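Peer 1: My structure is in work.csv, and what it holds is CSV, C-alpha atoms and all ligand atoms:
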```csv
chain,number,residue,atom,x,y,z
A,14,MET,CA,11.5,-5.6,16.1
A,15,PHE,CA,10.2,-6.3,12.6
A,16,ALA,CA,10.5,-10.1,12.2
A,17,LEU,CA,10.1,-11.7,8.8
A,18,ASP,CA,8.5,-14.9,10.2
A,19,GLN,CA,5.5,-12.7,11.3
A,20,VAL,CA,5.1,-11.1,7.9
A,21,VAL,CA,2.9,-12.5,5.1
A,22,PRO,CA,4.3,-10.8,2.0
A,23,TRP,CA,1.6,-10.1,-0.5
A,24,GLY,CA,2.0,-7.5,-3.3
A,25,ARG,CA,-0.4,-5.8,-5.7
A,26,SER,CA,0.3,-4.8,-9.3
A,27,PHE,CA,1.0,-1.5,-11.0
A,28,ALA,CA,-2.5,-1.7,-12.6
A,29,GLU,CA,-4.1,-2.2,-9.2
A,30,TYR,CA,-2.2,0.9,-7.8
A,31,ILE,CA,-3.4,3.0,-10.8
A,32,ALA,CA,-7.0,2.0,-10.1
A,33,MET,CA,-6.9,2.2,-6.3
A,34,PHE,CA,-5.4,5.6,-6.3
A,35,ALA,CA,-7.1,7.0,-9.4
A,36,LEU,CA,-3.6,7.8,-10.7
A,37,GLY,CA,-3.6,10.0,-13.9
A,38,ARG,CA,-0.8,10.8,-16.2
A,39,SER,CA,0.1,14.1,-14.4
A,40,ASP,CA,0.2,12.2,-11.0
A,41,MET,CA,2.9,10.0,-12.5
A,42,THR,CA,5.2,12.8,-13.5
A,43,GLY,CA,6.0,13.9,-10.0
A,44,ARG,CA,8.2,12.4,-7.2
A,45,ILE,CA,6.1,9.6,-5.6
A,46,LEU,CA,6.5,7.8,-2.3
A,47,GLY,CA,4.9,4.4,-1.8
A,48,CYS,CA,4.7,3.8,1.9
A,49,GLY,CA,4.3,0.2,2.9
A,50,ASP,CA,4.8,-1.0,-0.7
A,51,GLY,CA,6.2,-4.3,0.5
A,52,PRO,CA,6.5,-6.8,-2.4
A,53,ALA,CA,4.1,-4.8,-4.7
A,54,SER,CA,5.3,-4.2,-8.3
A,55,PHE,CA,4.3,-0.5,-8.4
A,56,ASN,CA,7.9,0.7,-8.0
A,57,ALA,CA,9.4,-1.8,-10.5
A,58,GLU,CA,6.8,-1.1,-13.2
A,59,SER,CA,6.7,2.7,-12.6
A,60,THR,CA,10.5,2.9,-12.8
A,61,ARG,CA,10.4,0.9,-16.1
A,62,LYS,CA,7.9,3.5,-17.4
A,63,GLY,CA,10.2,6.4,-16.4
A,64,ALA,CA,8.4,7.5,-13.2
A,65,LYS,CA,10.3,8.5,-10.0
A,66,VAL,CA,9.1,6.2,-7.2
A,67,VAL,CA,10.7,5.5,-3.8
A,68,SER,CA,9.2,2.7,-1.6
A,69,SER,CA,9.5,2.7,2.1
A,70,ASP,CA,8.9,-0.5,4.1
A,71,PRO,CA,10.6,-2.3,7.0
A,72,LEU,CA,10.5,-5.4,4.8
A,73,TYR,CA,13.4,-4.0,2.9
A,74,SER,CA,15.7,-4.7,5.8
A,75,PHE,CA,15.7,-8.3,4.4
A,76,ASP,CA,17.5,-9.5,1.3
A,77,LYS,CA,16.0,-10.9,-1.8
A,78,ALA,CA,16.5,-14.6,-0.9
A,79,ASP,CA,14.9,-14.1,2.5
A,80,ILE,CA,11.8,-12.3,1.1
A,81,GLU,CA,11.5,-14.9,-1.8
A,82,ALA,CA,11.6,-17.8,0.7
A,83,ARG,CA,9.0,-16.1,2.9
A,84,ILE,CA,6.7,-15.6,-0.1
A,85,ALA,CA,7.1,-19.3,-1.0
A,86,ALA,CA,6.4,-20.3,2.6
A,87,THR,CA,3.2,-18.3,3.0
A,88,TYR,CA,1.7,-18.3,-0.4
A,89,GLU,CA,-0.5,-21.4,0.0
A,90,GLN,CA,-1.7,-20.2,3.4
A,91,VAL,CA,-2.9,-16.9,1.9
A,92,ILE,CA,-4.6,-18.6,-1.1
A,93,ASP,CA,-6.3,-21.1,1.3
A,94,GLN,CA,-7.5,-18.3,3.5
A,95,THR,CA,-8.9,-16.3,0.5
A,96,ARG,CA,-10.7,-19.5,-0.8
A,97,LYS,CA,-12.3,-19.9,2.6
A,98,ASN,CA,-13.4,-16.2,2.7
A,99,GLN,CA,-14.4,-15.9,-1.0
A,100,THR,CA,-17.6,-14.0,-0.4
A,101,GLU,CA,-15.6,-11.1,1.1
A,102,PHE,CA,-14.2,-10.3,-2.3
A,103,ILE,CA,-15.6,-9.2,-5.7
A,104,TRP,CA,-14.6,-11.6,-8.4
A,105,LYS,CA,-14.9,-9.3,-11.4
A,106,GLU,CA,-11.5,-8.0,-12.6
A,107,ILE,CA,-9.8,-11.0,-11.0
A,108,THR,CA,-12.2,-13.8,-11.6
A,109,SER,CA,-11.0,-16.7,-9.4
A,110,VAL,CA,-8.7,-17.5,-6.5
A,111,GLU,CA,-6.4,-19.3,-9.0
A,112,GLU,CA,-6.2,-16.1,-11.1
A,113,LEU,CA,-5.6,-14.0,-7.9
A,114,GLY,CA,-2.6,-16.3,-7.1
A,115,LYS,CA,-1.2,-15.8,-10.6
A,116,VAL,CA,-1.7,-12.0,-10.5
A,117,ARG,CA,-0.1,-11.6,-7.1
A,118,MET,CA,2.8,-13.9,-7.9
A,119,ALA,CA,3.5,-12.0,-11.1
A,120,ALA,CA,3.6,-8.8,-9.2
A,121,MET,CA,5.9,-10.2,-6.5
A,122,ARG,CA,8.1,-11.7,-9.2
A,123,ALA,CA,8.5,-8.3,-10.8
A,124,PHE,CA,9.3,-6.8,-7.4
A,125,LEU,CA,11.9,-9.5,-6.6
A,126,ASP,CA,13.6,-9.1,-10.1
A,127,ASP,CA,13.8,-5.3,-9.5
A,128,TYR,CA,14.7,-5.4,-5.8
A,129,PRO,CA,18.5,-5.7,-5.9
A,130,ALA,CA,18.9,-2.8,-8.4
A,131,GLY,CA,16.3,-0.8,-6.6
A,132,LEU,CA,18.1,-1.1,-3.3
A,133,VAL,CA,21.3,0.1,-4.9
A,134,GLU,CA,19.5,3.0,-6.5
A,135,GLY,CA,17.8,4.0,-3.2
A,136,ARG,CA,14.3,3.2,-4.5
A,137,TYR,CA,13.6,0.6,-1.8
A,138,LEU,CA,14.3,2.0,1.7
A,139,ASN,CA,14.1,0.2,5.0
A,140,SER,CA,12.1,2.8,6.9
A,141,GLU,CA,8.7,2.9,8.6
A,142,LEU,CA,5.8,4.9,9.8
A,143,PRO,CA,5.3,6.9,11.9
A,144,ALA,CA,8.8,8.5,11.3
A,145,LEU,CA,10.2,8.7,7.7
A,146,PRO,CA,13.7,9.7,6.7
A,147,PHE,CA,12.7,12.3,4.2
A,148,HIS,CA,12.8,16.1,4.3
A,149,ASP,CA,9.6,18.2,4.2
A,150,GLY,CA,7.9,18.2,0.9
A,151,ALA,CA,10.3,15.6,-0.6
A,152,PHE,CA,7.5,14.1,-2.6
A,153,ASP,CA,4.7,15.4,-4.7
A,154,LEU,CA,2.5,12.4,-3.9
A,155,GLY,CA,2.5,9.9,-1.1
A,156,LEU,CA,0.6,6.6,-1.5
A,157,CYS,CA,-0.3,4.1,1.2
A,158,SER,CA,-2.0,0.9,0.1
A,159,HIS,CA,-3.4,-1.7,2.5
A,160,LEU,CA,-1.7,-0.6,5.7
A,161,LEU,CA,-3.3,2.3,7.4
A,162,PHE,CA,-7.0,1.8,8.2
A,163,LEU,CA,-6.9,-1.8,7.0
A,164,TYR,CA,-4.9,-2.9,10.1
A,165,SER,CA,-7.0,-0.8,12.5
A,166,GLN,CA,-7.0,-3.4,15.2
A,167,GLN,CA,-3.2,-3.8,15.2
A,168,LEU,CA,-2.4,-0.1,14.7
A,169,ASP,CA,-4.0,2.3,17.1
A,170,GLU,CA,-5.5,5.8,16.7
A,171,THR,CA,-2.3,7.5,17.9
A,172,PHE,CA,-0.3,5.6,15.3
A,173,HIS,CA,-2.7,6.5,12.5
A,174,HIS,CA,-2.7,10.2,13.4
A,175,ALA,CA,1.1,10.4,13.7
A,176,SER,CA,1.5,8.4,10.4
A,177,LEU,CA,-0.9,10.6,8.4
A,178,LEU,CA,0.7,13.8,9.6
A,179,GLU,CA,4.1,12.3,8.8
A,180,LEU,CA,3.0,11.4,5.3
A,181,CYS,CA,1.6,15.0,4.9
A,182,ARG,CA,5.0,16.4,6.1
A,183,VAL,CA,7.0,14.5,3.4
A,184,ALA,CA,4.4,14.7,0.5
A,185,LYS,CA,2.3,17.5,-0.8
A,186,GLU,CA,-0.6,15.2,-1.4
A,187,VAL,CA,-1.4,11.9,0.2
A,188,ARG,CA,-3.7,9.1,-0.9
A,189,VAL,CA,-4.6,6.1,1.3
A,190,PHE,CA,-6.5,3.0,0.2
A,191,PRO,CA,-8.7,1.5,1.5
A,192,VAL,CA,-10.6,3.2,4.4
A,193,LEU,CA,-12.1,-0.1,5.5
A,194,ALA,CA,-10.6,-2.3,8.2
A,195,LEU,CA,-10.1,-6.1,7.8
A,196,GLY,CA,-13.5,-7.6,8.1
A,197,GLY,CA,-15.1,-5.0,5.9
A,198,ALA,CA,-16.3,-2.3,8.3
A,199,ILE,CA,-15.2,1.3,7.9
A,200,SER,CA,-12.1,1.9,10.0
A,201,PRO,CA,-12.9,3.1,13.5
A,202,HIS,CA,-9.9,5.5,13.0
A,203,LEU,CA,-11.3,7.1,9.9
A,204,GLU,CA,-13.6,9.8,11.3
A,205,GLY,CA,-11.1,10.9,14.0
A,206,SER,CA,-8.3,11.0,11.4
A,207,VAL,CA,-10.3,13.2,9.0
A,208,GLU,CA,-11.2,15.6,11.9
A,209,MET,CA,-7.6,15.7,13.0
A,210,LEU,CA,-6.3,16.4,9.5
A,211,ARG,CA,-8.9,19.2,8.9
A,212,ALA,CA,-8.0,20.7,12.3
A,213,ALA,CA,-4.4,20.8,11.1
A,214,GLY,CA,-5.5,22.8,8.1
A,215,HIS,CA,-5.4,20.1,5.4
A,216,LEU,CA,-7.9,19.6,2.7
A,217,VAL,CA,-9.5,16.1,3.1
A,218,SER,CA,-11.8,14.2,0.9
A,219,ILE,CA,-13.0,10.6,0.6
A,220,GLU,CA,-13.3,9.7,-3.1
A,221,ARG,CA,-14.8,6.8,-5.0
A,222,VAL,CA,-12.3,5.0,-7.2
A,223,SER,CA,-12.8,2.3,-9.9
A,224,TYR,CA,-11.1,-0.4,-7.9
A,225,GLU,CA,-12.9,-2.9,-5.7
A,226,PHE,CA,-11.6,-6.3,-4.7
A,227,GLN,CA,-12.3,-6.5,-0.9
A,228,ARG,CA,-16.1,-6.1,-1.0
A,229,GLY,CA,-17.0,-2.5,-0.2
A,230,ALA,CA,-13.5,-1.2,-0.4
A,231,ARG,CA,-13.8,1.3,-3.2
A,232,GLU,CA,-12.9,4.7,-1.6
A,233,MET,CA,-9.6,6.4,-1.0
A,234,LEU,CA,-8.7,9.1,1.5
A,235,ARG,CA,-7.2,12.1,-0.3
A,236,ILE,CA,-5.3,14.7,1.7
A,237,LYS,CA,-3.9,17.9,0.3
A,238,ARG,CA,-1.3,19.6,2.4
A,239,ASP,CA,-2.1,23.1,3.6
A,240,ASP,CA,0.9,25.1,2.3
A,241,GLY,CA,-0.7,28.3,3.5
B,301,LIG,C1,-0.6,-5.8,3.3
B,301,LIG,S1,1.0,-5.3,2.8
B,301,LIG,C2,0.6,-4.2,1.5
B,301,LIG,C3,1.7,-4.2,0.4
B,301,LIG,C4,1.4,-3.2,-0.8
B,301,LIG,N1,1.2,-1.8,-0.3
B,301,LIG,C5,0.2,-3.6,-1.5
B,301,LIG,O1,-0.8,-3.0,-1.4
B,301,LIG,O2,0.3,-4.6,-2.3
B,301,LIG,C6,1.4,-4.1,4.1
B,301,LIG,C7,2.8,-3.7,4.1
B,301,LIG,O3,3.0,-2.7,5.1
B,301,LIG,C8,4.3,-2.9,5.6
B,301,LIG,N2,4.4,-2.2,6.9
B,301,LIG,C9,4.1,-2.7,8.2
B,301,LIG,N3,4.3,-1.8,9.1
B,301,LIG,C10,4.8,-0.7,8.5
B,301,LIG,C11,5.2,0.6,8.9
B,301,LIG,N4,5.1,1.0,10.2
B,301,LIG,N5,5.6,1.5,8.0
B,301,LIG,C12,5.6,1.2,6.7
B,301,LIG,N6,5.3,0.0,6.2
B,301,LIG,C13,4.9,-0.9,7.1
B,301,LIG,C14,4.5,-4.4,5.7
B,301,LIG,O4,5.9,-4.7,5.7
B,301,LIG,C15,3.9,-4.8,4.3
B,301,LIG,O5,4.8,-4.8,3.3
```
Give the structure from this file in structure tokens form.
Peer 2:
Amino acid sequence: MFALDQVVPWGRSFAEYIAMFALGRSDMTGRILGCGDGPASFNAESTRKGAKVVSSDPLYSFDKADIEARIAATYEQVIDQTRKNQTEFIWKEITSVEELGKVRMAAMRAFLDDYPAGLVEGRYLNSELPALPFHDGAFDLGLCSHLLFLYSQQLDETFHHASLLELCRVAKEVRVFPVLALGGAISPHLEGSVEMLRAAGHLVSIERVSYEFQRGAREMLRIKRDDG
């Protein structure tokens, strides 16, 4: 079972999503799924701008007070860990560990403020890979940030393949960032996943984007569904 005390909630901002996934104006006009969005502010800020975003994450089985308390309990630990491993990151857009803390907390605050309304509106759904509760082609674009490939040690190849195929089932196009695992090496599941997706008839590319925070993580996997 998904237990909150094992989760370290950490959420990125709308601006980071735009850069990670090279999102253009036309991408934002369709129906978007954010899979594993957690406490990121992408849904909150996109909704405010008039976009249609649904976020799917097992974190959403918890209420606002529980998630808020968990963020408060783990925040210092994440900041300390980042300070110890500073050389693994590029301090350019975000210039210091202190600024990182502020950027992440602002994003998570925006998420928390939006969360109760988003739950009611069905924009935050408690559901998880590799099986999503959406019909085929429900979304124009599926985004997955800092879950697949990053947690290659915890999530095996079978999980990756099933999850990528599931994302392709529910979205016409899928983008995943990053393609590196924790530690900075290319995910051991990347090559096999690309082969599997191509064998299934999908169009697959690995594209450079303008975002880089984890050193070397500057590429996204882009999959266009084969609609025959
Ligand atoms: C490192 S966080 C990334 C959050 C957000 N995408 C971002 O980039 O800021 C990973 C997220 O994946 C979620 N997660 C874990 N297992 C999942 C699964 N099987 N399906 C969907 N989300 C999952 C976690 O709850 C967490 O919110």
Peer 1: Got a sec to check which residues lie within 9 Å of ligand LIG 301 (chain B), using all atoms listed in the file, and send them as a PyMOL selection string?
Peer 2: chain A and resi 15+17+20-26+29-30+47-55+69-73+117+120-121+139-145+156-161+163-164+168+172+176+190
Peer 1: I need the residue nearest Ser165 of chain A from this list: A:Ser200, A:Ser68, A:Ser59, A:Thr87. Use all atoms listed in the file for the distance.
Peer 2: A:Ser200
Peer 1: Mind giving me the straight-line distance from atom CA of Arg136 of chain A to atom CA of Asp169 of chain A in Å, one decimal?
Peer 2: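 Taking atom CA of Arg136 of chain A and atom CA of Asp169 of chain A, their separation equals 28.3 Å.
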Peer 1: Can you tell me which residues surround Thr95 of chain A at a distance of at most 12 Å, considering all atoms listed in the file, apart from same-chain residues fewer than 6 positions away, and format the answer as number ranges by chain?
Peer 2: A: 88-89, 101-104, 109-114, 226-227
Peer 1: Between atom CA of Ile84 of chain A and atom CA of Arg122 of chain A, what is the spacing in Å?
Peer 2: 10.0 Å
Peer 1: Figure out the distance between atom CA of Glu220 of chain A and atom CA of Glu170 of chain A, please, to one decimal in Å.
Peer 2: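 These atoms are spaced 21.6 Å apart.
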Peer 1: Can you pull out the residues contacting Ala213 of chain A? Cut-off 10 Å, using only C-alpha atoms, and skip same-chain residues under 3 positions away; I want them as a PyMOL selection string.
Peer 2: chain A and resi 178+207-210+216+238-239
Peer 1: Using the file's own x, y and z axes, what box holds all listed atoms of segment 17-21 of chain A with 8 Å on each side, keeping edges along x, y and z, and what are its centre and edge lengths in Å to one decimal, as AutoDock Vina command-line options?
Peer 2:
```
--center_x 6.5 --center_y -13.0 --center_z 8.2 --size_x 23.2 --size_y 19.8 --size_z 22.2
```
Peer 1: Measuring between only C-alpha atoms, which one of A:Ile45, A:Ala78, A:Ala123, A:Val189 shows the shortest distance to Phe27 of chain A?
Peer 2: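 Distance minimum relative to Phe27 of chain A lands on A:Ala123.
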Peer 1: Please determine, counting all atoms listed in the file, which residue among A:Ala151, A:Ala28, A:Leu203, A:Ala16 has the shortest atom-to-atom distance to Val66 of chain A.
Peer 2: A:Ala151
Peer 1: List as an mmCIF file with C-alpha atoms, in the frame of the given file the residues having at least one atom at most 12 Å from position (14.8, 4.6, -10.9) as given in the file, counting all atoms listed in the file.
Peer 2:
```cif
data_model
loop_
_atom_site.group_PDB
_atom_site.id
_atom_site.type_symbol
_atom_site.label_atom_id
_atom_site.label_comp_id
_atom_site.auth_asym_id
_atom_site.auth_seq_id
_atom_site.Cartn_x
_atom_site.Cartn_y
_atom_site.Cartn_z
ATOM 1 C CA ARG A 44 8.200 12.400 -7.200
ATOM 2 C CA ILE A 45 6.100 9.600 -5.600
ATOM 3 C CA PHE A 55 4.300 -0.500 -8.400
ATOM 4 C CA ASN A 56 7.900 0.700 -8.000
ATOM 5 C CA ALA A 57 9.400 -1.800 -10.500
ATOM 6 C CA GLU A 58 6.800 -1.100 -13.200
ATOM 7 C CA SER A 59 6.700 2.700 -12.600
ATOM 8 C CA THR A 60 10.500 2.900 -12.800
ATOM 9 C CA ARG A 61 10.400 0.900 -16.100
ATOM 10 C CA LYS A 62 7.900 3.500 -17.400
ATOM 11 C CA GLY A 63 10.200 6.400 -16.400
ATOM 12 C CA ALA A 64 8.400 7.500 -13.200
ATOM 13 C CA LYS A 65 10.300 8.500 -10.000
ATOM 14 C CA VAL A 66 9.100 6.200 -7.200
ATOM 15 C CA VAL A 67 10.700 5.500 -3.800
ATOM 16 C CA SER A 68 9.200 2.700 -1.600
ATOM 17 C CA ASP A 127 13.800 -5.300 -9.500
ATOM 18 C CA TYR A 128 14.700 -5.400 -5.800
ATOM 19 C CA ALA A 130 18.900 -2.800 -8.400
ATOM 20 C CA GLY A 131 16.300 -0.800 -6.600
ATOM 21 C CA LEU A 132 18.100 -1.100 -3.300
ATOM 22 C CA VAL A 133 21.300 0.100 -4.900
ATOM 23 C CA GLU A 134 19.500 3.000 -6.500
ATOM 24 C CA GLY A 135 17.800 4.000 -3.200
ATOM 25 C CA ARG A 136 14.300 3.200 -4.500
ATOM 26 C CA TYR A 137 13.600 0.600 -1.800
#
```
Peer 1: When distances are computed from all atoms listed in the file, which of A:Ser39, A:Gln19, A:Arg228, A:Phe75 shows the smallest separation from Leu138 of chain A?
Peer 2: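 When distances to Leu138 of chain A are compared using all atoms listed in the file, the smallest one comes from A:Phe75.
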Peer 1: At a cut-off of 12 Å around the point (-1.9, 20.4, 4.5) (file coordinates), what residues fall inside when counting all atoms listed in the file? I'd like the answer as a PyMOL selection string.
Peer 2: chain A and resi 149-150+177-187+207+209-217+235-241
Peer 1: Find, counting all atoms listed in the file, the residue in A:Thr100, A:Ala85, A:Pro201, A:Pro129 that gets nearest to Gly229 of chain A.
Peer 2: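 Using all atoms listed in the file, Gly229 of chain A sits closest to A:Thr100.
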